[in-house]
Amino acid sequence: MNDARRQRLLALADRLGTPCFVYFLDEVRDRVAAVRAAFGGALALTYAIKANPAPALLRSLRGVVDGVDVSSGGELTRALAAGFPAAAIHFTGPGKREAELAAAVTTGVGAIVLESREEATTCAALARARGARQPVLVRIAPDRVPAGFGDTMSGKPVAFGVDEEDMPAFLAELATHRELALVGFHAYSGTQCLKPDAIAENWAIFARCFAAAATAAATVPRRLVLGAGLGVAYHDDQQPLDLAAVAAATAPALAELRARFPQARLELETGRHLVGDAGVYLTRVLRTKDSRGVTIGICDGGFHHHLAAAGMFGMVLKRNFRLANVSAPIGPAAGTFQLSGPLCTSLDVLGRSVPLPRLRRGDVLVIEASGAYGPTASPSAFLSHPSAGEWLVDGETVVDATR
Ligand SMILES: Cc1ncc(COP(=O)(O)O)c(C=O)c1O
């Protein structure tokens, strides 16, 4: 980090109070532009709002991304409130409740993404009752996910989507539901990947699944959604995803899809990659203490706001996020420190053996790459601490992101 950024983050912490998340809109826009440019504008871009559903951020993404993926009735409400047209919304998730499906059908979402036979039956009944014909995508769960993804949602018994091997039977039954209009297919089988070759291999698997499904259904899909799996470099030893390398590696699979389905809109669905690096978490040291040879900074922030930074969201091994002390002048490490949160559990550790130039009471620490799966993926009710502020910075303007 350079000194100008350090001072800027410190000023934001002083002005906004800690603990808080700060999301930088220009960095989100840059990331969207980078993804679009890497694929030569040939892919539509869908934002999975589960990564960060802060209302002000969502409003800012209207017109910037081509659509949004929602995974609950609450996310549907947020997407509509942010001004996304219903047609630009699709609804995924293995456990959609009947009331949520009913709301989606009534609203006229662009597609409900079917993930099981029972869901298809429920959806058909709801559409029939409303005299509607609901567009649907079918989420396919491939029989294999290449190595290299942080979390996998297929290649094993899963709640997500329809197993690739069950697709012919599923599609035959779907054809009997006249109230459902099959408009295409969807796949999201792995997330948090920093390896272009693994992403390319996965998309080749998707291309095979989409082709087999289209043949089985004797349909010409209008939409094909590629769950991207584009990752974020959270740790010091990780390199950011090389988008040019992803585009080059995935070119054969995309060319195959274009040749086979020239009429289909190809959509790249991604969450964290658009927002993860664009946000930080700022927390202040409340106390310091020495315990058995380790100097510990006890912070006002913890895993109740940021479960991922404490290593408990989609990680097998606990590794520190990139961390810095923005109150201290940039310089060599004076030692290593443990950074704990205020919660009454030994799990509440934001960093172990963190090299810092100093650690004093009142110092402000920044946890980088915190724009995705922060408050939305953390147990904020635990111990009834106040929630973290969330702020959206656009140039010189700072607004409350939660409004
Ligand atoms: C269907 C679907 N879409 C999108 C995502 C977003 O993943 P990420 O934020 O890693 O891009 C997920 C993650 O679980 C998902 O299940």
# chains A, B, ... in the order shown; residues from 1 in each chain; ligands from 1
$ residues_near_ligand --ligand "ligand 1" --cutoff "7 Å" --atoms "only C-alpha atoms and all ligand atoms" --output "list in words"
Ala48, Lys50, Ala51, Asp69, Thr92, Gly93, Tyr188, Thr191, Gln192, Gly227, Ala228, Gly229, Leu230, Gly231, Glu269, Thr270, Gly271, Arg272 and His273 of chain A
$ residues_around --residues "Arg352 of chain A" --least-positions-apart "6" --cutoff "10 Å" --atoms "only C-alpha atoms" --output "number ranges by chain"
A: 294, 296, 310, 318-320, 336-340
$ closest_residue --among "A:Ala44, A:Val364, A:Val35, A:Leu9" --to "Asp242 of chain A" --atoms "only C-alpha atoms"
A:Val35
$ closest_residue --among "A:Ala333, A:Ala247, A:Val136, A:Ala141" --to "Leu114 of chain A" --atoms "only C-alpha atoms"
A:Val136
$ atom_distance --atom1 "atom CA of His304 of chain A" --atom2 "atom CA of Ser384 of chain A"
9.3 Å
$ atom_distance --atom1 "atom CA of Leu57 of chain A" --atom2 "atom CA of Thr397 of chain A"
13.1 Å
$ atom_distance --atom1 "atom CA of Cys123 of chain A" --atom2 "atom CA of Val183 of chain A"
14.9 Å
$ closest_residue --among "A:Val275, A:Leu43, A:Ala213, A:Leu343" --to "Glu165 of chain A" --atoms "only C-alpha atoms"
A:Ala213
$ residues_around --residues "Leu266 of chain A" --least-positions-apart "3" --cutoff "10 Å" --atoms "only C-alpha atoms" --output "PDB file with C-alpha atoms, in the first residue's frame"
ATOM      1  CA  ALA A  42     -19.160 -11.044 -26.153  1.00  0.00           C
ATOM      2  CA  LEU A  43     -20.609 -12.162 -22.834  1.00  0.00           C
ATOM      3  CA  ALA A  44     -23.481 -10.584 -20.949  1.00  0.00           C
ATOM      4  CA  LEU A  45     -22.560  -9.971 -17.308  1.00  0.00           C
ATOM      5  CA  ARG A 222     -32.017 -18.551 -25.867  1.00  0.00           C
ATOM      6  CA  ARG A 223     -29.904 -18.173 -22.736  1.00  0.00           C
ATOM      7  CA  LEU A 224     -26.875 -20.071 -21.440  1.00  0.00           C
ATOM      8  CA  VAL A 225     -25.514 -18.995 -18.060  1.00  0.00           C
ATOM      9  CA  LEU A 226     -21.908 -19.823 -17.250  1.00  0.00           C
ATOM     10  CA  LEU A 254     -16.970 -20.253 -25.933  1.00  0.00           C
ATOM     11  CA  LEU A 257     -21.016 -22.697 -27.686  1.00  0.00           C
ATOM     12  CA  ARG A 258     -21.286 -19.896 -30.230  1.00  0.00           C
ATOM     13  CA  PHE A 261     -26.008 -22.038 -30.313  1.00  0.00           C
ATOM     14  CA  PRO A 262     -25.575 -18.905 -32.460  1.00  0.00           C
ATOM     15  CA  GLN A 263     -28.909 -17.516 -31.256  1.00  0.00           C
ATOM     16  CA  GLU A 269     -22.497 -14.986 -13.719  1.00  0.00           C
TER      17      GLU A 269
END
$ closest_residue --among "A:Asp348, A:Asp363, A:Glu100, A:Glu256" --to "Ser327 of chain A" --atoms "only C-alpha atoms"
A:Asp363
$ select_by_dssp --residues "segment 151-357 of chain A" --states "alpha helix (DSSP H)" --output "ChimeraX atom specification"
/A:167-174,196-217,243-260,272-275
$ closest_residue --among "A:Thr215, A:Asn2, A:Ser116, A:Thr18" --to "Thr283 of chain A" --atoms "only C-alpha atoms"
A:Thr18
$ closest_residue --among "A:Arg139, A:Arg361, A:Arg322, A:Arg403" --to "Ala54 of chain A" --atoms "only C-alpha atoms"
A:Arg403
$ residues_around --residues "Pro94 of chain A" --least-positions-apart "2" --cutoff "12 Å" --atoms "only C-alpha atoms" --output "ChimeraX atom specification"
/A:70-72,91-92,96-97,101,112-120,138-141,153,158-162
$ residues_around --residues "segment 143-150 of chain A" --least-positions-apart "2" --cutoff "8 Å" --atoms "only C-alpha atoms" --output "list of chain:residue names"
A:Ala141, A:Thr152, A:Ser154, A:Gly155, A:Lys156, A:Asp163, A:Glu164, A:Glu165, A:Ser189, A:Gly190, A:Thr191, A:Gln192, A:Cys193, A:Leu194, A:Lys195, A:Ala198, A:Glu201, A:Asn202, A:Gly229, A:Gly314, A:Met315
$ write_last_selection --atoms "all heavy atoms" --output "tab-separated table (two decimals), in the first residue's frame"
chain	number	residue	atom	x	y	z
A	141	ALA	N	-26.08	-29.80	-12.76
A	141	ALA	CA	-24.97	-30.11	-11.86
A	141	ALA	C	-24.08	-31.15	-12.55
A	141	ALA	O	-24.41	-32.33	-12.59
A	141	ALA	CB	-25.51	-30.66	-10.54
A	152	THR	N	-16.89	-26.28	-4.09
A	152	THR	CA	-17.54	-26.91	-5.26
A	152	THR	C	-18.98	-27.23	-4.94
A	152	THR	O	-19.33	-27.59	-3.81
A	152	THR	CB	-16.80	-28.20	-5.67
A	152	THR	OG1	-16.77	-29.09	-4.57
A	152	THR	CG2	-15.38	-27.89	-6.14
A	154	SER	N	-20.83	-29.29	-7.11
A	154	SER	CA	-21.22	-30.40	-7.99
A	154	SER	C	-20.13	-31.46	-7.94
A	154	SER	O	-19.19	-31.35	-7.17
A	154	SER	CB	-21.45	-29.89	-9.41
A	154	SER	OG	-22.26	-30.80	-10.11
A	155	GLY	N	-20.32	-32.52	-8.77
A	155	GLY	CA	-19.34	-33.59	-8.78
A	155	GLY	C	-19.44	-34.50	-7.57
A	155	GLY	O	-18.54	-35.28	-7.28
A	156	LYS	N	-20.52	-34.36	-6.83
A	156	LYS	CA	-20.76	-35.16	-5.61
A	156	LYS	C	-22.27	-35.00	-5.33
A	156	LYS	O	-22.94	-34.23	-6.02
A	156	LYS	CB	-19.92	-34.62	-4.45
A	156	LYS	CG	-20.16	-33.13	-4.21
A	156	LYS	CD	-19.16	-32.49	-3.26
A	156	LYS	CE	-19.39	-30.98	-3.19
A	156	LYS	NZ	-18.41	-30.26	-2.41
A	163	ASP	N	-28.69	-33.20	-11.44
A	163	ASP	CA	-27.50	-33.96	-11.83
A	163	ASP	C	-27.51	-34.16	-13.34
A	163	ASP	O	-28.54	-34.52	-13.93
A	163	ASP	CB	-27.46	-35.32	-11.13
A	163	ASP	CG	-27.21	-35.19	-9.63
A	163	ASP	OD1	-26.85	-34.08	-9.17
A	163	ASP	OD2	-27.38	-36.19	-8.92
A	164	GLU	N	-26.36	-33.97	-13.93
A	164	GLU	CA	-26.20	-34.11	-15.38
A	164	GLU	C	-26.81	-35.44	-15.88
A	164	GLU	O	-27.52	-35.47	-16.88
A	164	GLU	CB	-24.68	-34.05	-15.65
A	164	GLU	CG	-24.25	-34.51	-16.95
A	164	GLU	CD	-22.73	-34.51	-17.12
A	164	GLU	OE1	-21.96	-34.26	-16.16
A	164	GLU	OE2	-22.32	-34.77	-18.25
A	165	GLU	N	-26.56	-36.50	-15.13
A	165	GLU	CA	-27.03	-37.82	-15.57
A	165	GLU	C	-28.55	-37.95	-15.48
A	165	GLU	O	-29.14	-38.82	-16.11
A	165	GLU	CB	-26.29	-38.94	-14.85
A	165	GLU	CG	-26.09	-38.86	-13.35
A	165	GLU	CD	-24.99	-37.90	-12.83
A	165	GLU	OE1	-24.73	-36.85	-13.46
A	165	GLU	OE2	-24.47	-38.19	-11.75
A	189	SER	N	-20.86	-24.49	-10.72
A	189	SER	CA	-20.44	-25.69	-9.98
A	189	SER	C	-19.20	-25.47	-9.13
A	189	SER	O	-18.81	-26.35	-8.37
A	189	SER	CB	-20.18	-26.83	-10.96
A	189	SER	OG	-19.13	-26.48	-11.85
A	190	GLY	N	-18.58	-24.29	-9.24
A	190	GLY	CA	-17.38	-24.06	-8.44
A	190	GLY	C	-17.13	-22.58	-8.30
A	190	GLY	O	-17.46	-21.80	-9.20
A	191	THR	N	-16.58	-22.20	-7.17
A	191	THR	CA	-16.37	-20.78	-6.92
A	191	THR	C	-14.95	-20.54	-6.41
A	191	THR	O	-14.22	-21.48	-6.09
A	191	THR	CB	-17.44	-20.28	-5.92
A	191	THR	OG1	-17.24	-18.91	-5.68
A	191	THR	CG2	-17.38	-21.01	-4.61
A	192	GLN	N	-14.55	-19.26	-6.38
A	192	GLN	CA	-13.24	-18.85	-5.85
A	192	GLN	C	-12.10	-19.63	-6.53
A	192	GLN	O	-11.37	-20.38	-5.89
A	192	GLN	CB	-13.23	-18.99	-4.32
A	192	GLN	CG	-11.93	-18.63	-3.61
A	192	GLN	CD	-11.35	-17.27	-4.04
A	192	GLN	OE1	-12.03	-16.44	-4.61
A	192	GLN	NE2	-10.09	-17.04	-3.78
A	193	CYS	N	-11.98	-19.40	-7.83
A	193	CYS	CA	-10.91	-20.06	-8.58
A	193	CYS	C	-9.96	-18.99	-9.13
A	193	CYS	O	-10.40	-17.98	-9.68
A	193	CYS	CB	-11.50	-20.88	-9.73
A	193	CYS	SG	-10.24	-21.83	-10.61
A	194	LEU	N	-8.67	-19.22	-8.96
A	194	LEU	CA	-7.66	-18.28	-9.47
A	194	LEU	C	-6.84	-18.93	-10.59
A	194	LEU	O	-5.80	-18.40	-10.98
A	194	LEU	CB	-6.75	-17.83	-8.32
A	194	LEU	CG	-7.44	-16.97	-7.24
A	194	LEU	CD1	-6.54	-16.76	-6.03
A	194	LEU	CD2	-7.87	-15.61	-7.81
A	195	LYS	N	-7.31	-20.07	-11.09
A	195	LYS	CA	-6.55	-20.81	-12.12
A	195	LYS	C	-7.30	-20.79	-13.46
A	195	LYS	O	-8.32	-21.48	-13.61
A	195	LYS	CB	-6.35	-22.25	-11.67
A	195	LYS	CG	-5.51	-22.36	-10.43
A	195	LYS	CD	-5.17	-23.79	-10.11
A	195	LYS	CE	-4.22	-23.82	-8.93
A	195	LYS	NZ	-4.51	-24.86	-7.97
A	198	ALA	N	-8.33	-24.16	-14.97
A	198	ALA	CA	-9.43	-24.86	-14.29
A	198	ALA	C	-10.77	-24.25	-14.70
A	198	ALA	O	-11.75	-24.98	-14.93
A	198	ALA	CB	-9.24	-24.79	-12.77
A	201	GLU	N	-11.49	-25.50	-18.19
A	201	GLU	CA	-11.93	-26.90	-18.20
A	201	GLU	C	-13.38	-26.99	-17.72
A	201	GLU	O	-14.18	-27.75	-18.26
A	201	GLU	CB	-11.00	-27.69	-17.27
A	201	GLU	CG	-11.07	-29.19	-17.47
A	201	GLU	CD	-10.18	-29.95	-16.46
A	201	GLU	OE1	-9.21	-29.35	-15.95
A	201	GLU	OE2	-10.50	-31.12	-16.21
A	202	ASN	N	-13.70	-26.17	-16.74
A	202	ASN	CA	-15.08	-26.19	-16.22
A	202	ASN	C	-16.08	-25.72	-17.28
A	202	ASN	O	-17.15	-26.30	-17.43
A	202	ASN	CB	-15.17	-25.31	-14.97
A	202	ASN	CG	-16.21	-25.81	-13.99
A	202	ASN	OD1	-16.53	-27.01	-13.97
A	202	ASN	ND2	-16.74	-24.93	-13.19
A	229	GLY	N	-17.10	-18.63	-11.40
A	229	GLY	CA	-16.08	-19.10	-10.46
A	229	GLY	C	-14.88	-18.18	-10.36
A	229	GLY	O	-13.87	-18.53	-9.73
A	314	GLY	N	-16.07	-20.65	3.52
A	314	GLY	CA	-15.55	-21.21	2.28
A	314	GLY	C	-14.05	-21.45	2.26
A	314	GLY	O	-13.43	-21.40	1.22
A	315	MET	N	-13.46	-21.68	3.45
A	315	MET	CA	-12.02	-21.95	3.48
A	315	MET	C	-11.74	-23.21	4.27
A	315	MET	O	-12.35	-23.45	5.32
A	315	MET	CB	-11.29	-20.81	4.17
A	315	MET	CG	-11.03	-19.64	3.27
A	315	MET	SD	-11.09	-18.16	4.24
A	315	MET	CE	-11.98	-17.10	3.16
$ select_by_dssp --residues "segment 48-265 of chain A" --states "strand (DSSP E)" --output "PyMOL selection string"
chain A and resi 48+67-70+89-91+111-114+134-141+149-152+162-163+180-187+190-193+223-227+265
